[in-house]
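What follows is my_file_9.cif (mmCIF, C-alpha atoms).
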data_entry
#
loop_
_atom_site.label_atom_id
_atom_site.label_comp_id
_atom_site.auth_asym_id
_atom_site.auth_seq_id
_atom_site.Cartn_x
_atom_site.Cartn_y
_atom_site.Cartn_z
CA MET A 1250 113.98 142.21 103.93
CA ARG A 1251 115.59 140.25 101.11
CA LEU A 1252 114.82 136.51 101.03
CA THR A 1253 116.50 133.77 99.06
CA PRO A 1254 114.47 132.01 96.37
CA ALA A 1255 114.18 128.97 98.66
CA GLU A 1256 112.93 131.12 101.56
CA THR A 1257 110.48 132.91 99.28
CA THR A 1258 109.19 129.57 97.96
CA VAL A 1259 108.63 128.06 101.41
CA LEU A 1260 107.10 131.26 102.75
CA GLY A 1261 104.82 131.49 99.72
CA LEU A 1262 103.60 127.95 100.31
CA VAL A 1263 102.85 128.77 103.95
CA VAL A 1264 101.01 131.93 102.84
CA GLU A 1265 99.02 129.73 100.44
CA ARG A 1266 97.85 127.70 103.44
CA PRO A 1267 99.21 126.92 106.92
CA GLN A 1268 101.36 123.80 106.77
CA HIS A 1269 103.86 121.73 108.69
CA GLY A 1270 107.15 120.58 107.22
CA TYR A 1271 105.84 117.25 105.97
CA ASP A 1272 102.97 118.98 104.14
CA LEU A 1273 105.50 121.32 102.53
CA GLU A 1274 107.61 118.37 101.40
CA GLN A 1275 104.57 116.80 99.76
CA VAL A 1276 103.65 120.01 97.91
CA ILE A 1277 107.27 120.61 96.83
CA ASP A 1278 107.51 117.07 95.50
CA ARG A 1279 104.08 117.02 93.82
CA ARG A 1280 104.59 120.35 92.05
CA GLY A 1281 108.14 119.55 90.94
CA ILE A 1282 109.49 122.61 92.73
CA ARG A 1283 112.96 121.09 93.03
CA GLN A 1284 113.23 121.33 89.24
CA TRP A 1285 113.56 125.10 89.53
CA THR A 1286 114.79 125.92 93.03
CA GLU A 1287 117.12 124.32 95.52
CA ILE A 1288 115.14 123.10 98.50
CA GLY A 1289 116.39 119.86 99.97
CA PHE A 1290 114.12 117.72 102.12
CA SER A 1291 116.38 118.35 105.10
CA SER A 1292 116.39 122.12 104.55
CA ILE A 1293 112.62 122.62 104.88
CA TYR A 1294 112.68 122.79 108.69
CA TYR A 1295 115.84 124.89 108.60
CA LEU A 1296 114.09 127.39 106.33
CA LEU A 1297 110.97 127.38 108.52
CA THR A 1298 113.11 128.05 111.60
CA LYS A 1299 114.83 130.98 109.84
CA LEU A 1300 111.48 132.40 108.74
CA GLU A 1301 110.10 131.99 112.26
CA GLY A 1302 113.14 133.75 113.72
CA ARG A 1303 112.52 136.70 111.39
CA GLY A 1304 108.87 136.89 112.44
CA LEU A 1305 107.56 135.87 109.01
CA VAL A 1306 105.86 132.66 110.18
CA HIS A 1307 104.60 131.55 113.58
CA VAL A 1308 103.14 128.47 115.22
CA PRO A 1309 99.95 129.23 117.16
CA GLU A 1310 99.62 127.82 120.65
CA VAL A 1311 97.74 124.52 120.63
CA PRO A 1312 96.62 122.23 123.45
CA ALA A 1313 99.32 119.84 124.70
CA ALA A 1314 97.45 116.83 123.29
CA ALA A 1315 97.57 118.32 119.78
CA LYS A 1316 101.30 119.17 119.69
CA SER A 1317 102.33 116.27 117.45
CA ARG A 1318 103.09 118.60 114.54
CA ARG A 1319 103.98 122.27 114.40
CA VAL A 1320 101.75 123.91 111.80
CA PHE A 1321 103.30 127.12 110.51
CA HIS A 1322 101.17 130.15 109.68
CA ALA A 1323 102.29 133.27 107.82
CA THR A 1324 102.33 136.50 109.79
CA PRO A 1325 101.14 139.73 108.17
CA GLU A 1326 104.83 140.66 107.81
CA GLY A 1327 105.44 137.27 106.20
CA ARG A 1328 102.68 137.81 103.65
CA GLU A 1329 104.14 141.21 102.79
CA ALA A 1330 107.72 139.86 102.55
CA ALA A 1331 106.60 136.95 100.37
CA ALA A 1332 104.77 139.25 97.97
CA ARG A 1333 107.59 141.81 97.82
CA ASN A 1334 110.29 139.19 97.23
CA ALA A 1335 108.23 137.25 94.69
CA LEU A 1336 107.57 140.41 92.70
CA ALA A 1337 111.28 141.29 92.78
CA LEU A 1338 112.16 137.81 91.48
CA ILE A 1339 109.66 138.22 88.63
CA ALA A 1340 110.82 141.71 87.70
CA GLU A 1341 114.60 141.23 87.95
CA ALA A 1342 116.35 139.81 84.90
CA GLY A 1343 119.57 138.80 86.60
CA PRO A 1344 122.02 136.24 85.29
CA ALA A 1345 121.12 132.61 85.79
CA PRO A 1346 123.89 130.02 86.09
CA GLN A 1347 123.92 127.74 83.04
CA PRO A 1348 126.36 124.83 83.38
CA LEU A 1349 125.69 123.98 79.71
CA LEU A 1350 127.50 127.19 78.76
CA VAL A 1351 130.59 126.06 80.68
CA GLY A 1352 130.69 122.93 78.54
CA ILE A 1353 130.15 124.87 75.32
CA ALA A 1354 132.89 127.33 76.25
CA ASN A 1355 135.27 124.36 76.26
CA LEU A 1356 134.45 122.98 72.79
CA GLY A 1357 138.14 122.80 71.94
CA LEU A 1358 138.60 119.92 74.39
CA PHE A 1359 136.68 117.34 72.34
CA SER A 1360 135.68 116.44 68.81
CA GLU A 1361 132.66 117.80 66.98
CA GLU A 1362 131.12 114.31 66.97
CA GLU A 1363 131.54 114.06 70.76
CA TYR A 1364 129.86 117.46 71.05
CA ARG A 1365 126.94 116.39 68.85
CA GLN A 1366 126.55 113.14 70.82
CA ALA A 1367 126.46 115.09 74.08
CA LEU A 1368 123.82 117.38 72.55
CA ARG A 1369 121.76 114.36 71.46
CA THR A 1370 122.02 112.90 74.97
CA ARG A 1371 120.90 116.20 76.48
CA LEU A 1372 118.09 116.46 73.92
CA ALA A 1373 116.72 113.07 75.00
CA ALA A 1374 116.86 114.18 78.65
CA VAL A 1375 115.10 117.47 77.84
CA GLU A 1376 112.37 115.63 75.93
CA ALA A 1377 111.87 113.32 78.93
CA ARG A 1378 111.62 116.35 81.24
CA ILE A 1379 109.04 117.99 78.97
CA ALA A 1380 106.94 114.83 79.13
CA ALA A 1381 107.34 114.63 82.92
CA VAL A 1382 106.37 118.29 83.43
CA ARG A 1383 103.32 117.91 81.20
CA GLU A 1384 102.26 114.74 83.03
CA ALA A 1385 102.73 116.41 86.43
CA GLN A 1386 100.60 119.31 85.25
CA ARG A 1387 97.85 117.01 83.90
CA SER A 1388 97.79 114.83 87.01
CA GLN A 1389 97.28 117.79 89.34
CA ALA A 1390 94.59 119.67 87.45
CA PRO A 1391 92.91 121.90 88.37
CA LEU A 1392 95.87 123.96 89.56
CA PRO A 1393 96.04 127.38 91.18
CA MET A 1394 97.17 130.15 88.82
CA ALA A 1395 100.67 130.26 90.34
CA ALA A 1396 101.26 126.57 89.67
CA ARG A 1397 99.84 126.85 86.12
CA GLU A 1398 102.23 129.73 85.40
CA VAL A 1399 105.22 127.79 86.76
CA PHE A 1400 104.35 124.82 84.57
CA SER A 1401 103.80 127.08 81.55
CA TYR A 1402 107.10 128.92 81.97
CA SER A 1403 109.02 125.70 82.64
CA THR A 1404 107.57 124.04 79.55
CA SER A 1405 108.34 127.11 77.41
CA LEU A 1406 111.98 127.12 78.52
CA LEU A 1407 112.32 123.40 77.91
CA GLU A 1408 110.69 123.70 74.47
CA ALA A 1409 113.11 126.50 73.52
CA GLU A 1410 116.05 124.40 74.68
CA ARG A 1411 114.72 121.38 72.77
CA GLN A 1412 114.50 123.46 69.58
CA TRP A 1413 118.05 124.80 70.04
CA LEU A 1414 119.47 121.34 70.79
CA ALA A 1415 117.68 119.68 67.87
CA ALA A 1416 119.06 122.24 65.42
CA ARG A 1417 122.65 121.63 66.59
CA ALA A 1418 122.59 117.91 67.36
CA GLN A 1419 121.78 116.83 63.80
CA VAL A 1420 124.55 115.68 61.52
CA THR A 1421 124.04 116.89 57.96
CA ASP A 1422 125.70 115.61 54.79
CA ASP A 1423 127.84 118.76 54.73
CA ASP A 1424 129.14 117.96 58.24
CA GLN A 1425 130.28 114.49 57.21
CA ASP A 1426 132.36 115.71 54.23
#

Show how you would write the structure in this file as structure tokens.
Amino acid sequence: MRLTPAETTVLGLVVERPQHGYDLEQVIDRRGIRQWTEIGFSSIYYLLTKLEGRGLVHVPEVPAAAKSRRVFHATPEGREAAARNALALIAEAGPAPQPLLVGIANLGLFSEEEYRQALRTRLAAVEARIAAVREAQRSQAPLPMAAREVFSYSTSLLEAERQWLAARAQVTDDDQD
């Protein structure tokens, strides 16, 4: 069964430990998961309902007095689906949408100085994101291996983008002639 990245993320978090929607929101926010996958606050319960309908998560019966929150647990099928889909996402090197490339493909619409200014603006934003990711990582230590790897990969991508932007955003004497 093929799951979307958002479904795989939510299911993986439930496999990590049984949780209700509010717990998931807290983990998603704390780990900065929205920086790399599209999971809106309002979609968490929608995703849980879809996963429950597919038999990948369930809510155990609890006494009536304790029914204030539905705590979702992964089923054995859910654990298997989460692992299979996560491995496929790691192994597949499919195209990733890059809106930056749409802008670059339209360089003829603006001046070189406007382009360099846009690059400098993006560079400042990327540097701020690097600092935010590093701070999030530091503030949550110690982290499980999965979270450490997400932070490591995210930082590596941002560092590579920062290097690329810095090389192109600078105005040299030759450019001004």

Residue nearest Ala1330 of chain A - candidates A:Ile1288, A:Met1394, A:Ala1255, A:Leu1260, atoms counted: only C-alpha atoms: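 Nearest candidate to Ala1330 of chain A out of A:Ile1288, A:Met1394, A:Ala1255, A:Leu1260: A:Leu1260.
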
The centre and edge lengths of an axis-aligned box containing all atoms of segment 1328-1338 of chain A present in the file, extended by 8 Å on each side, are to be given in Å to one decimal, as JSON.
{"center_x": 107.4, "center_y": 139.4, "center_z": 97.6, "size_x": 25.5, "size_y": 20.9, "size_z": 28.2}

Distance query segment 1403-1416 of chain A at most 7 Å, all atoms listed in the file, self and fewer than 5 positions along chain excluded, as an MDAnalysis selection string: chainID A and resid 1368 1372 1375:1376 1379

Residue with smallest distance to Glu1265 of chain A - pool A:Leu1252, A:Ala1337, A:Leu1356, A:Ala1332, counting all atoms listed in the file: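 Looking at the shortest contact to Glu1265 of chain A, the residue is A:Ala1332.
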
Residues in the PyMOL selection byres ((chain A and resi 1273-1286) around 8), expressed as JSON, numbers by chain: {"A": [1254, 1255, 1259, 1262, 1268, 1269, 1270, 1271, 1272, 1287, 1288, 1289, 1290, 1293, 1382, 1385, 1386, 1396]}

Computed interatomic separation between atom CA of Glu1326 of chain A and atom CA of Gly1304 of chain A (Å): 7.2 Å

Point (111.8, 143.4, 98.7), cut-off 6 Å, counting all atoms listed in the file, residues as a ChimeraX atom specification: /A:1250-1251,1333-1334

Ground truth for the PyMOL selection byres ((chain A and resi 1325) around 12), written as a ChimeraX atom specification: /A:1260,1263-1264,1304-1307,1322-1324,1326-1332

Length of the atom CA of Arg1417 of chain A to atom CA of Ala1342 of chain A vector [Å]: 26.6 Å

Length of the atom CA of Pro1393 of chain A to atom CA of Ala1374 of chain A vector [Å]: 27.7 Å

Counting all atoms listed in the file, the residue of A:Leu1300, A:Ala1418, A:Val1311, A:Leu1349 that sits nearest Gln1366 of chain A: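 Checking each candidate against Gln1366 of chain A, we get A:Ala1418 as the closest.
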
Exercise: Pro1309 of chain A partners within 9 Å, all atoms listed in the file, chain neighbours under 5 positions left out, as a ChimeraX atom specification: /A:1319-1322

Residue IDs satisfying the PyMOL selection byres ((chain A and resi 1364) around 12), as a PyMOL selection string: chain A and resi 1349+1352-1363+1365-1371+1414+1417-1420
